[in-house]
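Engineer: Structure file data-v2.cif (mmCIF, C-alpha atoms) right here:
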data_input
#
loop_
_atom_site.label_atom_id
_atom_site.label_comp_id
_atom_site.auth_asym_id
_atom_site.auth_seq_id
_atom_site.Cartn_x
_atom_site.Cartn_y
_atom_site.Cartn_z
CA MET E 124 24.45 4.42 -29.92
CA PRO E 125 21.97 6.53 -27.97
CA LEU E 126 20.47 5.11 -24.82
CA VAL E 127 17.55 2.86 -25.84
CA PHE E 128 15.57 2.61 -22.60
CA ALA E 129 15.22 4.37 -19.23
CA GLY E 130 13.01 3.19 -16.40
CA VAL E 131 12.70 2.81 -12.65
CA CYS E 132 11.19 0.32 -10.23
CA SER E 133 11.09 -0.66 -6.57
CA HIS E 134 13.40 -3.28 -5.06
CA ALA E 135 12.27 -3.95 -1.48
CA PRO E 136 12.99 -7.51 -0.32
CA GLY E 137 9.40 -8.05 0.82
CA ILE E 138 8.28 -7.85 -2.83
CA THR E 139 9.46 -11.41 -3.28
CA GLY E 140 10.17 -12.48 0.31
CA ARG E 141 6.73 -11.74 1.70
CA ALA E 142 4.74 -12.08 -1.51
CA GLU E 143 1.99 -14.27 -0.05
CA ARG E 144 1.13 -11.68 2.60
CA ALA E 145 0.13 -8.90 0.18
CA ASP E 146 -3.32 -8.33 -1.27
CA PRO E 147 -3.29 -10.76 -4.21
CA GLU E 148 -4.93 -8.42 -6.71
CA LEU E 149 -2.64 -5.51 -5.89
CA ARG E 150 0.40 -7.76 -5.90
CA GLU E 151 -0.40 -9.25 -9.29
CA ASP E 152 -1.04 -5.80 -10.81
CA PHE E 153 2.35 -4.70 -9.51
CA TYR E 154 4.09 -7.83 -10.76
CA ALA E 155 2.43 -7.36 -14.17
CA ALA E 156 3.78 -3.80 -14.37
CA MET E 157 7.27 -5.07 -13.49
CA ARG E 158 7.06 -7.71 -16.22
CA ARG E 159 5.77 -5.09 -18.65
CA LEU E 160 8.87 -3.03 -17.95
CA GLY E 161 10.97 -6.13 -18.62
CA GLY E 162 9.17 -6.76 -21.90
CA GLU E 163 9.76 -3.19 -23.01
CA ILE E 164 13.44 -3.45 -22.16
CA ARG E 165 13.56 -6.51 -24.45
CA ALA E 166 11.66 -4.69 -27.18
CA ALA E 167 14.32 -1.97 -27.15
CA ARG E 168 16.87 -4.70 -28.13
CA PRO E 169 19.62 -3.64 -25.71
CA ASP E 170 23.06 -5.22 -25.67
CA ALA E 171 23.33 -4.61 -21.93
CA LEU E 172 21.27 -3.41 -18.97
CA VAL E 173 22.83 -0.83 -16.67
CA ILE E 174 21.06 -1.10 -13.33
CA VAL E 175 21.52 1.88 -11.03
CA ALA E 176 20.96 0.62 -7.52
CA ALA E 177 21.35 1.56 -3.90
CA GLU E 178 23.01 -1.47 -2.37
CA HIS E 179 22.78 -2.35 1.29
CA PHE E 180 26.31 -3.18 2.50
CA ALA E 181 26.70 -6.20 0.26
CA ASN E 182 29.98 -4.99 -1.24
CA PHE E 183 30.85 -1.62 0.23
CA PHE E 184 31.38 -0.70 3.86
CA MET E 185 32.23 2.45 5.74
CA ASN E 186 35.96 1.66 5.51
CA ASN E 187 36.00 2.52 1.82
CA MET E 188 32.66 3.80 0.56
CA PRO E 189 32.46 5.12 -2.98
CA ALA E 190 29.82 7.72 -3.78
CA TYR E 191 29.50 6.11 -7.23
CA CYS E 192 30.74 2.75 -8.42
CA MET E 193 30.21 0.75 -11.62
CA GLY E 194 30.74 -2.96 -12.00
CA MET E 195 33.42 -4.24 -14.36
CA ALA E 196 33.10 -7.98 -13.68
CA GLU E 197 32.65 -10.92 -16.02
CA ARG E 198 29.77 -12.22 -13.92
CA TYR E 199 27.72 -11.29 -10.89
CA GLU E 200 26.20 -13.63 -8.32
CA GLY E 201 23.39 -13.17 -5.86
CA PRO E 202 21.60 -12.91 -3.60
CA ILE E 203 23.85 -12.40 -0.60
CA GLU E 204 20.75 -12.79 1.57
CA ASP E 205 19.29 -16.13 2.56
CA PRO E 206 17.53 -17.23 -0.67
CA GLU E 207 14.54 -18.60 1.20
CA TRP E 208 14.14 -15.32 3.10
CA LEU E 209 14.29 -13.33 -0.14
CA GLY E 210 12.26 -15.77 -2.19
CA ILE E 211 14.86 -15.76 -4.98
CA ALA E 212 17.16 -18.69 -5.74
CA PRO E 213 20.90 -18.09 -6.23
CA ARG E 214 21.87 -17.31 -9.79
CA THR E 215 24.58 -15.78 -11.92
CA TYR E 216 24.16 -12.87 -14.31
CA PRO E 217 26.62 -12.30 -17.14
CA GLY E 218 28.59 -9.05 -17.12
CA ALA E 219 30.20 -7.09 -19.93
CA PRO E 220 33.63 -6.05 -18.61
CA ALA E 221 34.95 -4.51 -21.83
CA LEU E 222 31.82 -2.40 -22.25
CA SER E 223 31.91 -1.50 -18.56
CA ARG E 224 35.45 -0.24 -18.97
CA ARG E 225 34.56 1.97 -21.93
CA LEU E 226 31.59 3.42 -20.08
CA ILE E 227 33.63 4.01 -16.94
CA GLU E 228 36.41 5.77 -18.84
CA ARG E 229 33.88 8.05 -20.49
CA ILE E 230 31.92 8.80 -17.30
CA MET E 231 35.19 9.62 -15.52
CA VAL E 232 35.54 12.69 -17.72
CA ARG E 233 32.74 14.24 -15.67
CA ILE E 234 32.33 12.13 -12.50
CA ASP E 235 34.91 10.50 -10.23
CA LEU E 236 33.60 6.97 -10.51
CA ALA E 237 34.96 3.90 -8.70
CA TYR E 238 34.93 0.50 -10.36
CA ALA E 239 34.64 -3.05 -9.05
CA GLU E 240 35.63 -6.35 -10.63
CA GLU E 241 33.91 -8.23 -7.81
CA TRP E 242 30.31 -7.55 -6.92
CA GLN E 243 27.65 -9.62 -5.18
CA PHE E 244 24.06 -8.64 -5.77
CA ASP E 245 21.69 -8.05 -2.86
CA HIS E 246 17.94 -7.53 -2.98
CA GLY E 247 18.43 -4.06 -4.47
CA ILE E 248 19.36 -5.68 -7.78
CA MET E 249 18.08 -9.26 -7.40
CA VAL E 250 14.44 -8.27 -6.90
CA PRO E 251 14.22 -6.07 -10.03
CA LEU E 252 16.12 -8.61 -12.15
CA HIS E 253 13.82 -11.38 -10.94
CA PHE E 254 11.07 -9.67 -12.92
CA LEU E 255 12.96 -7.76 -15.61
CA LEU E 256 15.41 -10.49 -16.70
CA PRO E 257 13.97 -13.78 -15.42
CA GLU E 258 16.20 -15.78 -17.79
CA ALA E 259 19.41 -13.92 -16.82
CA ASP E 260 20.23 -13.83 -20.52
CA LEU E 261 21.30 -10.22 -21.02
CA PRO E 262 24.60 -8.74 -19.78
CA VAL E 263 24.13 -6.61 -16.69
CA ILE E 264 26.29 -3.72 -15.51
CA PRO E 265 25.57 -2.65 -11.93
CA VAL E 266 26.01 0.87 -10.63
CA ASN E 267 25.86 1.75 -6.97
CA ILE E 268 25.09 5.15 -5.55
CA ASN E 269 25.77 5.26 -1.82
CA CYS E 270 22.37 5.92 -0.28
CA GLN E 271 23.04 4.15 3.04
CA GLY E 272 26.04 5.59 4.82
CA PRO E 273 26.29 9.39 5.08
CA PRO E 274 27.87 11.57 3.91
CA LEU E 275 25.85 11.02 0.73
CA THR E 276 26.38 12.47 -2.71
CA PRO E 277 24.27 15.62 -3.32
CA LEU E 278 21.11 15.13 -5.39
CA SER E 279 22.44 17.54 -8.00
CA ARG E 280 25.45 15.25 -8.45
CA ALA E 281 23.17 12.24 -8.88
CA TYR E 282 21.45 14.04 -11.76
CA GLU E 283 24.85 14.98 -13.15
CA PHE E 284 25.94 11.35 -12.89
CA GLY E 285 22.93 10.44 -15.02
CA ARG E 286 23.94 13.01 -17.62
CA ALA E 287 27.45 11.56 -17.69
CA LEU E 288 26.05 8.03 -18.01
CA ARG E 289 23.93 9.15 -20.95
CA GLU E 290 26.92 10.77 -22.62
CA ALA E 291 28.90 7.56 -22.16
CA CYS E 292 26.10 5.42 -23.58
CA ASP E 293 25.83 7.72 -26.57
CA ALA E 294 29.56 7.34 -27.19
CA VAL E 295 29.67 3.53 -27.47
CA GLN E 296 28.34 1.34 -30.24
CA GLU E 297 26.25 -0.92 -28.04
CA ARG E 298 22.56 -0.34 -27.35
CA ILE E 299 22.12 0.23 -23.62
CA ALA E 300 19.09 0.19 -21.35
CA VAL E 301 19.20 1.78 -17.91
CA VAL E 302 16.95 1.04 -14.95
CA GLY E 303 17.10 2.71 -11.55
CA THR E 304 15.86 0.95 -8.42
CA GLY E 305 15.09 2.33 -4.99
CA GLY E 306 12.70 4.18 -2.63
CA ILE E 307 10.57 6.24 -2.75
CA SER E 308 9.58 6.96 0.89
CA HIS E 309 10.04 4.10 3.32
CA TRP E 310 11.27 3.28 6.79
CA PRO E 311 12.79 -0.15 6.14
CA ALA E 312 14.43 -2.34 8.75
CA THR E 313 12.82 -0.50 11.66
CA PRO E 314 9.71 -1.20 13.75
CA ASP E 315 8.01 1.28 11.38
CA SER E 316 8.58 -0.97 8.37
CA GLY E 317 5.44 -0.62 6.27
CA LYS E 318 5.04 3.11 6.90
CA ILE E 319 4.76 4.93 3.56
CA ASN E 320 4.25 8.66 2.90
CA GLU E 321 2.05 8.39 -0.18
CA ALA E 322 1.60 12.16 -0.59
CA TRP E 323 5.38 12.65 -0.57
CA ASP E 324 5.81 9.79 -3.04
CA ARG E 325 3.24 11.20 -5.45
CA ASP E 326 4.79 14.66 -5.29
CA PHE E 327 8.21 13.16 -6.01
CA LEU E 328 6.79 11.16 -8.90
CA ASP E 329 5.25 14.35 -10.33
CA ARG E 330 8.71 15.88 -10.37
CA TRP E 331 10.26 12.73 -11.85
CA LEU E 332 7.65 12.26 -14.56
CA ALA E 333 8.11 15.91 -15.56
CA ASN E 334 11.88 15.29 -15.46
CA ASP E 335 12.38 18.61 -13.75
CA PRO E 336 15.97 18.73 -12.48
CA VAL E 337 15.40 21.81 -10.34
CA ARG E 338 12.46 20.33 -8.42
CA LEU E 339 13.97 16.84 -8.33
CA THR E 340 17.12 18.10 -6.63
CA ALA E 341 15.47 20.65 -4.30
CA TYR E 342 15.20 18.34 -1.27
CA THR E 343 17.64 18.50 1.63
CA ASP E 344 18.67 15.18 3.19
CA ALA E 345 17.23 16.33 6.53
CA GLU E 346 13.89 16.94 4.88
CA THR E 347 13.97 13.61 3.07
CA TRP E 348 14.87 11.75 6.26
CA ARG E 349 12.05 13.43 8.16
CA GLU E 350 9.36 13.05 5.49
CA ALA E 351 10.45 9.95 3.58
CA GLY E 352 12.58 7.96 6.02
CA GLN E 353 16.01 6.40 5.63
CA GLY E 354 14.79 4.68 2.49
CA GLY E 355 13.99 8.05 0.96
CA PHE E 356 17.69 8.64 0.38
CA GLU E 357 17.38 6.12 -2.47
CA ILE E 358 15.65 8.75 -4.64
CA ARG E 359 19.20 9.30 -5.90
CA THR E 360 18.79 6.29 -8.20
CA PHE E 361 15.60 7.68 -9.75
CA ILE E 362 17.23 11.10 -10.10
CA ALA E 363 20.23 9.58 -11.89
CA VAL E 364 17.94 7.90 -14.41
CA ALA E 365 16.14 11.22 -14.92
CA GLY E 366 19.52 12.79 -15.67
CA ALA E 367 20.29 10.00 -18.14
CA ALA E 368 17.04 10.75 -19.98
CA GLU E 369 17.11 14.52 -19.55
CA GLY E 370 14.52 16.33 -21.62
CA ASN E 371 12.18 13.34 -21.79
CA LEU E 372 8.91 12.96 -19.92
CA GLY E 373 7.82 9.94 -17.95
CA GLU E 374 4.93 7.54 -17.83
CA LEU E 375 3.79 5.90 -14.59
CA TYR E 376 2.90 2.24 -15.01
CA PHE E 377 2.18 1.47 -11.36
CA TYR E 378 2.20 3.12 -7.98
CA ALA E 379 0.53 1.77 -4.84
CA PRO E 380 1.57 1.53 -1.20
CA ILE E 381 1.87 -2.13 -0.25
CA PRO E 382 2.79 -1.96 3.45
CA ILE E 383 3.89 -5.58 3.88
CA PHE E 384 6.36 -4.93 1.04
CA ALA E 385 7.50 -1.88 3.10
CA VAL E 386 7.36 0.54 0.18
CA GLY E 387 5.13 2.39 -2.26
CA CYS E 388 5.60 0.00 -5.15
CA THR E 389 6.57 1.90 -8.27
CA VAL E 390 7.13 1.10 -11.94
CA ALA E 391 7.72 3.90 -14.46
CA ARG E 392 9.72 4.81 -17.52
CA LEU E 393 10.91 7.87 -19.35
CA ARG E 394 9.90 7.99 -23.00
CA ILE E 395 13.17 8.44 -24.75
CA GLN E 396 13.13 8.08 -28.51
CA ILE E 397 14.36 4.60 -29.43
CA PRO E 398 16.68 4.58 -32.43
CA PRO E 399 15.81 2.21 -35.30
CA MET N 225 32.51 0.86 22.51
CA SER N 226 32.75 0.51 18.79
CA LEU N 227 29.56 0.44 16.80
CA TYR N 228 31.73 0.53 13.71
CA THR N 229 33.40 -2.75 14.70
CA VAL N 230 30.09 -4.47 15.43
CA GLN N 231 28.81 -3.46 12.02
CA LYS N 232 32.04 -4.57 10.33
CA LEU N 233 31.66 -8.03 11.82
CA LEU N 234 28.03 -8.27 10.74
CA TYR N 235 28.92 -6.99 7.26
CA ASN N 236 31.55 -9.73 6.96
CA LEU N 237 29.12 -12.37 8.20
CA ASN N 238 26.37 -11.27 5.83
CA ARG N 239 28.50 -11.40 2.70
CA ASP N 240 31.21 -14.01 3.23
CA ALA N 241 30.41 -17.73 3.44
CA ARG N 242 33.78 -18.46 5.08
CA VAL N 243 33.07 -16.05 7.92
CA ARG N 244 29.62 -17.60 8.30
CA GLN N 245 31.25 -21.00 8.64
CA ARG N 246 33.49 -19.68 11.41
CA HIS N 247 30.40 -18.21 13.07
CA ALA N 248 28.81 -21.65 12.98
CA ASP N 249 31.95 -23.50 14.10
CA ASP N 250 33.27 -21.28 16.88
CA PHE N 251 31.78 -17.80 17.17
CA GLY N 252 33.81 -17.04 20.28
CA ASP N 253 37.04 -17.59 18.38
CA LEU N 254 35.86 -15.33 15.54
CA LEU N 255 34.93 -12.59 18.01
CA LYS N 256 38.51 -12.48 19.35
CA GLU N 257 39.49 -10.68 16.14
CA TYR N 258 37.17 -7.77 16.87
CA ASP N 259 37.69 -5.13 19.55
CA LEU N 260 34.30 -5.11 21.25
CA SER N 261 32.83 -3.95 24.54
CA GLU N 262 31.31 -6.57 26.82
CA GLU N 263 27.79 -5.37 25.96
CA GLU N 264 28.52 -5.66 22.24
CA ARG N 265 30.07 -9.09 22.65
CA ARG N 266 27.11 -10.30 24.67
CA ALA N 267 24.60 -8.95 22.13
CA LEU N 268 26.43 -10.79 19.35
CA VAL N 269 26.81 -14.08 21.24
CA ASP N 270 23.12 -13.98 22.19
CA GLY N 271 21.99 -12.94 18.70
CA ASP N 272 20.13 -10.14 20.50
CA ILE N 273 18.54 -8.29 17.56
CA GLY N 274 16.75 -5.85 19.88
CA LEU N 275 19.92 -4.71 21.62
CA LEU N 276 21.88 -4.50 18.36
CA TYR N 277 19.08 -2.33 16.93
CA VAL N 278 19.15 0.00 19.95
CA MET N 279 22.95 0.24 19.73
CA GLY N 280 22.47 1.75 16.30
CA VAL N 281 23.53 -1.00 13.90
CA ASN N 282 22.50 0.15 10.44
CA GLY N 283 19.09 -1.36 9.72
CA GLN N 284 20.10 -2.87 6.41
CA ILE N 285 23.03 -4.71 8.01
CA LEU N 286 20.86 -5.85 10.91
CA MET N 287 17.99 -7.00 8.66
CA HIS N 288 20.34 -9.23 6.65
CA TYR N 289 21.86 -10.57 9.89
CA ALA N 290 18.43 -11.37 11.34
CA ALA N 291 17.65 -13.28 8.16
CA LEU N 292 20.96 -15.13 8.48
CA LEU N 293 20.00 -16.13 12.03
CA GLY N 294 16.69 -17.42 10.72
CA TYR N 295 14.39 -14.85 12.28
CA PRO N 296 10.91 -14.93 10.72
CA TRP N 297 9.92 -11.41 9.61
CA ASP N 298 7.39 -10.79 12.37
CA ASP N 299 9.80 -12.00 15.06
CA TYR N 300 12.50 -9.70 13.72
CA ILE N 301 10.18 -6.67 13.95
CA LYS N 302 9.01 -7.80 17.40
CA SER N 303 12.62 -8.16 18.59
CA MET N 304 13.37 -4.53 17.66
CA ARG N 305 10.28 -3.37 19.58
CA GLU N 306 11.30 -5.43 22.60
CA GLY N 307 14.78 -3.94 22.39
CA LEU N 308 13.32 -0.43 22.54
CA ALA N 309 11.16 -1.35 25.51
CA LYS N 310 14.06 -2.92 27.39
CA HIS N 311 16.99 -0.70 26.48
CA GLY N 312 15.48 2.65 25.52
CA PRO N 313 15.69 4.67 22.29
CA VAL N 314 18.13 3.95 19.47
CA ARG N 315 21.46 5.42 20.52
CA HIS N 316 23.10 6.19 17.17
CA GLY N 317 22.51 6.38 13.46
CA LEU N 318 19.65 6.90 11.06
CA TYR N 319 17.44 3.92 11.78
CA LEU N 320 15.37 5.44 14.55
CA THR N 321 11.77 4.53 15.03
CA THR N 322 9.07 7.16 14.51
CA ASP N 323 5.64 5.98 15.57
CA GLY N 324 6.70 2.32 15.78
CA ARG N 325 3.59 1.22 13.98
CA GLY N 326 4.47 -0.55 10.79
CA ALA N 327 2.77 -3.26 8.77
CA VAL N 328 3.43 -5.92 11.42
#
Using structure tokens, write down the structure that the file contains.
Structural biologist:
Amino acid sequence: MPLVFAGVCSHAPGITGRAERADPELREDFYAAMRRLGGEIRAARPDALVIVAAEHFANFFMNNMPAYCMGMAERYEGPIEDPEWLGIAPRTYPGAPALSRRLIERIMVRIDLAYAEEWQFDHGIMVPLHFLLPEADLPVIPVNINCQGPPLTPLSRAYEFGRALREACDAVQERIAVVGTGGISHWPATPDSGKINEAWDRDFLDRWLANDPVRLTAYTDAETWREAGQGGFEIRTFIAVAGAAEGNLGELYFYAPIPIFAVGCTVARLRIQIPP
Amino acid sequence: MSLYTVQKLLYNLNRDARVRQRHADDFGDLLKEYDLSEEERRALVDGDIGLLYVMGVNGQILMHYAALLGYPWDDYIKSMREGLAKHGPVRHGLYLTTDGRGAV
């Protein structure tokens, strides 16, 4: 069954953990866009949600760091962070191990993909799911792209991973939605936290909304680090979703820098044709 | 000196409730399992977020650890700034400061 939904959103922990410190009007507009994305995922009637994330040393460390990994667990728990700090209570999301395995086997034809039967969610997945799946009632399949510990996968490979994910989704019977979560520019977990390069973000979003693989993959990591911070490496998740919906244009639902959330808050989707 | 080892310990603390319990019960005993310099050991025993930041602990690992220690957000940011003032620039890694002027 062809992929039924492709979108992206931000995941910074301040979105829920420091909610009361943001401008209320801006915050509520952002939250509404997140919930809109969740409603549209539901409307696409998926059997599972593949969430392409950039985790933050919740499961993978520099002793054994996969460039790409997909979950194959029966269930996933989170957050690993202090729930009060994150503003999200502990919860369990159902997995879909048999479907994961079929997707992994298919993706492996084109991408060397690791798998994991244990996986704890950190804010990179918990924050999006808090809005997108508040009832935790749809199977989730996590994907991690290493965006934290260099050496990092090239951007062209992230797009190629998306293509392979799309091919795998097309090859199974289930209806699958995919959401990428990450950046865009930010300097998280430093004294600069709250710094956002809005011009860089908007230029990146132009490339993403046009789904232009050449322009999306033209950045060097040195350039991204300089202009978009450590958090900028997470554009790999957006690029993978663009690859999964190659040939389809995007629609921006929300973008605004919210410094206390430490990121330019973003919600967008690519308009793939939903099968009947 | 082993920044890798410091980060491995913090990674284990952040994600494993059993390691957190050992941290609470007898941190000194837990630290015996890690090959650390005296400066690293002292930074960990003191929960010195500023010094750990300057050493180059990956920001994502350090942010989760600061939350585990109960640092309010503003105090966590302030601790990193104090670390820079006391110990100098970040010694390793990607999580350098630029202008040092964030949202807090």
Engineer: Using all atoms listed in the file and a distance of at most 10 Å, pull out the residues of chain N that contact chain E, as a PyMOL selection string.
Structural biologist: chain N and resi 228+231-232+234-236+238-241+277+282-289+291-298+300-306+308+317-328
Engineer: Using only C-alpha atoms for the distances, tell me which of N:Leu260, N:Leu276, N:Ala290, N:Val281 is nearest to His311 in chain N.
Structural biologist: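 Answer, going by the shortest atom-to-atom distance: N:Leu276.
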Engineer: Determine the residue set returned by the PyMOL selection byres ((chain E and resi 189) around 10) for the present structure, and present it as a list in words.
Structural biologist: Phe183, Phe184, Met185, Asn186, Asn187, Met188, Ala190, Tyr191, Cys192, Met193, Asp235, Leu236, Ala237, Tyr238, Asn267, Ile268, Asn269, Leu275 and Thr276 of chain E
Engineer: So what do you get for CA of Pro274 in chain E versus CA of Pro251 in chain E, distance-wise?
Structural biologist: 26.3 Å
Engineer: Between CA of Ala287 in chain E and CA of Leu226 in chain E, what distance in Å does the model show, to one decimal?
Structural biologist: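 About the pair CA of Ala287 in chain E and CA of Leu226 in chain E: they are 9.4 Å apart.
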Engineer: Taking the file as I've supplied it (selection: the PyMOL selection byres ((chain N and resi 257) around 12)), which residues are included? Please answer as a list in words.
Structural biologist: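 With the shown file as input, the PyMOL selection byres ((chain N and resi 257) around 12) matches Thr229, Val230, Lys232, Leu233, Val243, Arg246, Phe251, Gly252, Asp253, Leu254, Leu255, Lys256, Tyr258, Asp259, Leu260 and Arg265 of chain N.
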Engineer: Would you compute, for all listed atoms of range 333-349 of chain E, the axis-aligned bounding box grown by 3 Å on each side, and then report its centre and edge lengths in Å rounded to one decimal, as lines of an AutoDock Vina configuration file?
Structural biologist:
center_x = 13.4
center_y = 16.8
center_z = -3.7
size_x = 16.6
size_y = 16.1
size_z = 29.7
Engineer: Do you know which residues are at most 12 Å from Arg165 in chain E counting only C-alpha atoms, after dropping those on the same chain fewer than 3 positions away, and could you put them as number ranges by chain?
Structural biologist: E: 127-128, 158-162, 168-172, 255-258, 260-261, 298-301
Engineer: Please, what distance in Å, to one decimal, runs between CA of Leu275 in chain N and CA of Ala248 in chain N?
Structural biologist: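 Separation between CA of Leu275 in chain N and CA of Ala248 in chain N: 21.0 Å.
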Engineer: Can range 249-262 of chain N be brought up to N, CA, C and O atoms and written out as a short mmCIF file (atom, residue, chain, number, x, y, z; two decimals), in the frame of the given file?
Structural biologist:
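Written out: part_19.cif:
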data_model
loop_
_atom_site.label_atom_id
_atom_site.label_comp_id
_atom_site.auth_asym_id
_atom_site.auth_seq_id
_atom_site.Cartn_x
_atom_site.Cartn_y
_atom_site.Cartn_z
N ASP N 249 31.02 -22.57 13.46
CA ASP N 249 31.95 -23.50 14.10
C ASP N 249 32.37 -23.04 15.50
O ASP N 249 32.38 -23.83 16.44
N ASP N 250 32.76 -21.78 15.60
CA ASP N 250 33.27 -21.28 16.88
C ASP N 250 33.18 -19.75 16.88
O ASP N 250 34.14 -19.05 16.58
N PHE N 251 32.01 -19.25 17.22
CA PHE N 251 31.78 -17.80 17.17
C PHE N 251 32.71 -17.07 18.14
O PHE N 251 33.22 -15.98 17.83
N GLY N 252 32.93 -17.68 19.29
CA GLY N 252 33.81 -17.04 20.28
C GLY N 252 35.20 -16.79 19.73
O GLY N 252 35.80 -15.74 19.97
N ASP N 253 35.72 -17.74 18.98
CA ASP N 253 37.04 -17.59 18.38
C ASP N 253 37.04 -16.47 17.34
O ASP N 253 37.96 -15.66 17.28
N LEU N 254 35.98 -16.41 16.54
CA LEU N 254 35.86 -15.33 15.54
C LEU N 254 35.82 -13.97 16.23
O LEU N 254 36.48 -13.01 15.79
N LEU N 255 35.10 -13.87 17.32
CA LEU N 255 34.93 -12.59 18.01
C LEU N 255 36.25 -12.05 18.58
O LEU N 255 36.39 -10.84 18.78
N LYS N 256 37.21 -12.93 18.81
CA LYS N 256 38.51 -12.48 19.35
C LYS N 256 39.20 -11.50 18.40
O LYS N 256 40.07 -10.73 18.82
N GLU N 257 38.83 -11.55 17.13
CA GLU N 257 39.49 -10.68 16.14
C GLU N 257 38.89 -9.27 16.11
O GLU N 257 39.37 -8.41 15.37
N TYR N 258 37.85 -9.07 16.89
CA TYR N 258 37.17 -7.77 16.87
C TYR N 258 37.23 -7.13 18.26
O TYR N 258 36.98 -7.80 19.26
N ASP N 259 37.57 -5.86 18.29
CA ASP N 259 37.69 -5.13 19.55
C ASP N 259 36.31 -4.63 19.97
O ASP N 259 35.82 -3.62 19.47
N LEU N 260 35.69 -5.37 20.89
CA LEU N 260 34.30 -5.11 21.25
C LEU N 260 34.17 -4.86 22.75
O LEU N 260 34.95 -5.38 23.55
N SER N 261 33.17 -4.09 23.12
CA SER N 261 32.83 -3.95 24.54
C SER N 261 32.11 -5.22 24.99
O SER N 261 31.67 -6.03 24.17
N GLU N 262 31.98 -5.38 26.30
CA GLU N 262 31.31 -6.57 26.82
C GLU N 262 29.84 -6.59 26.40
O GLU N 262 29.30 -7.65 26.07
#
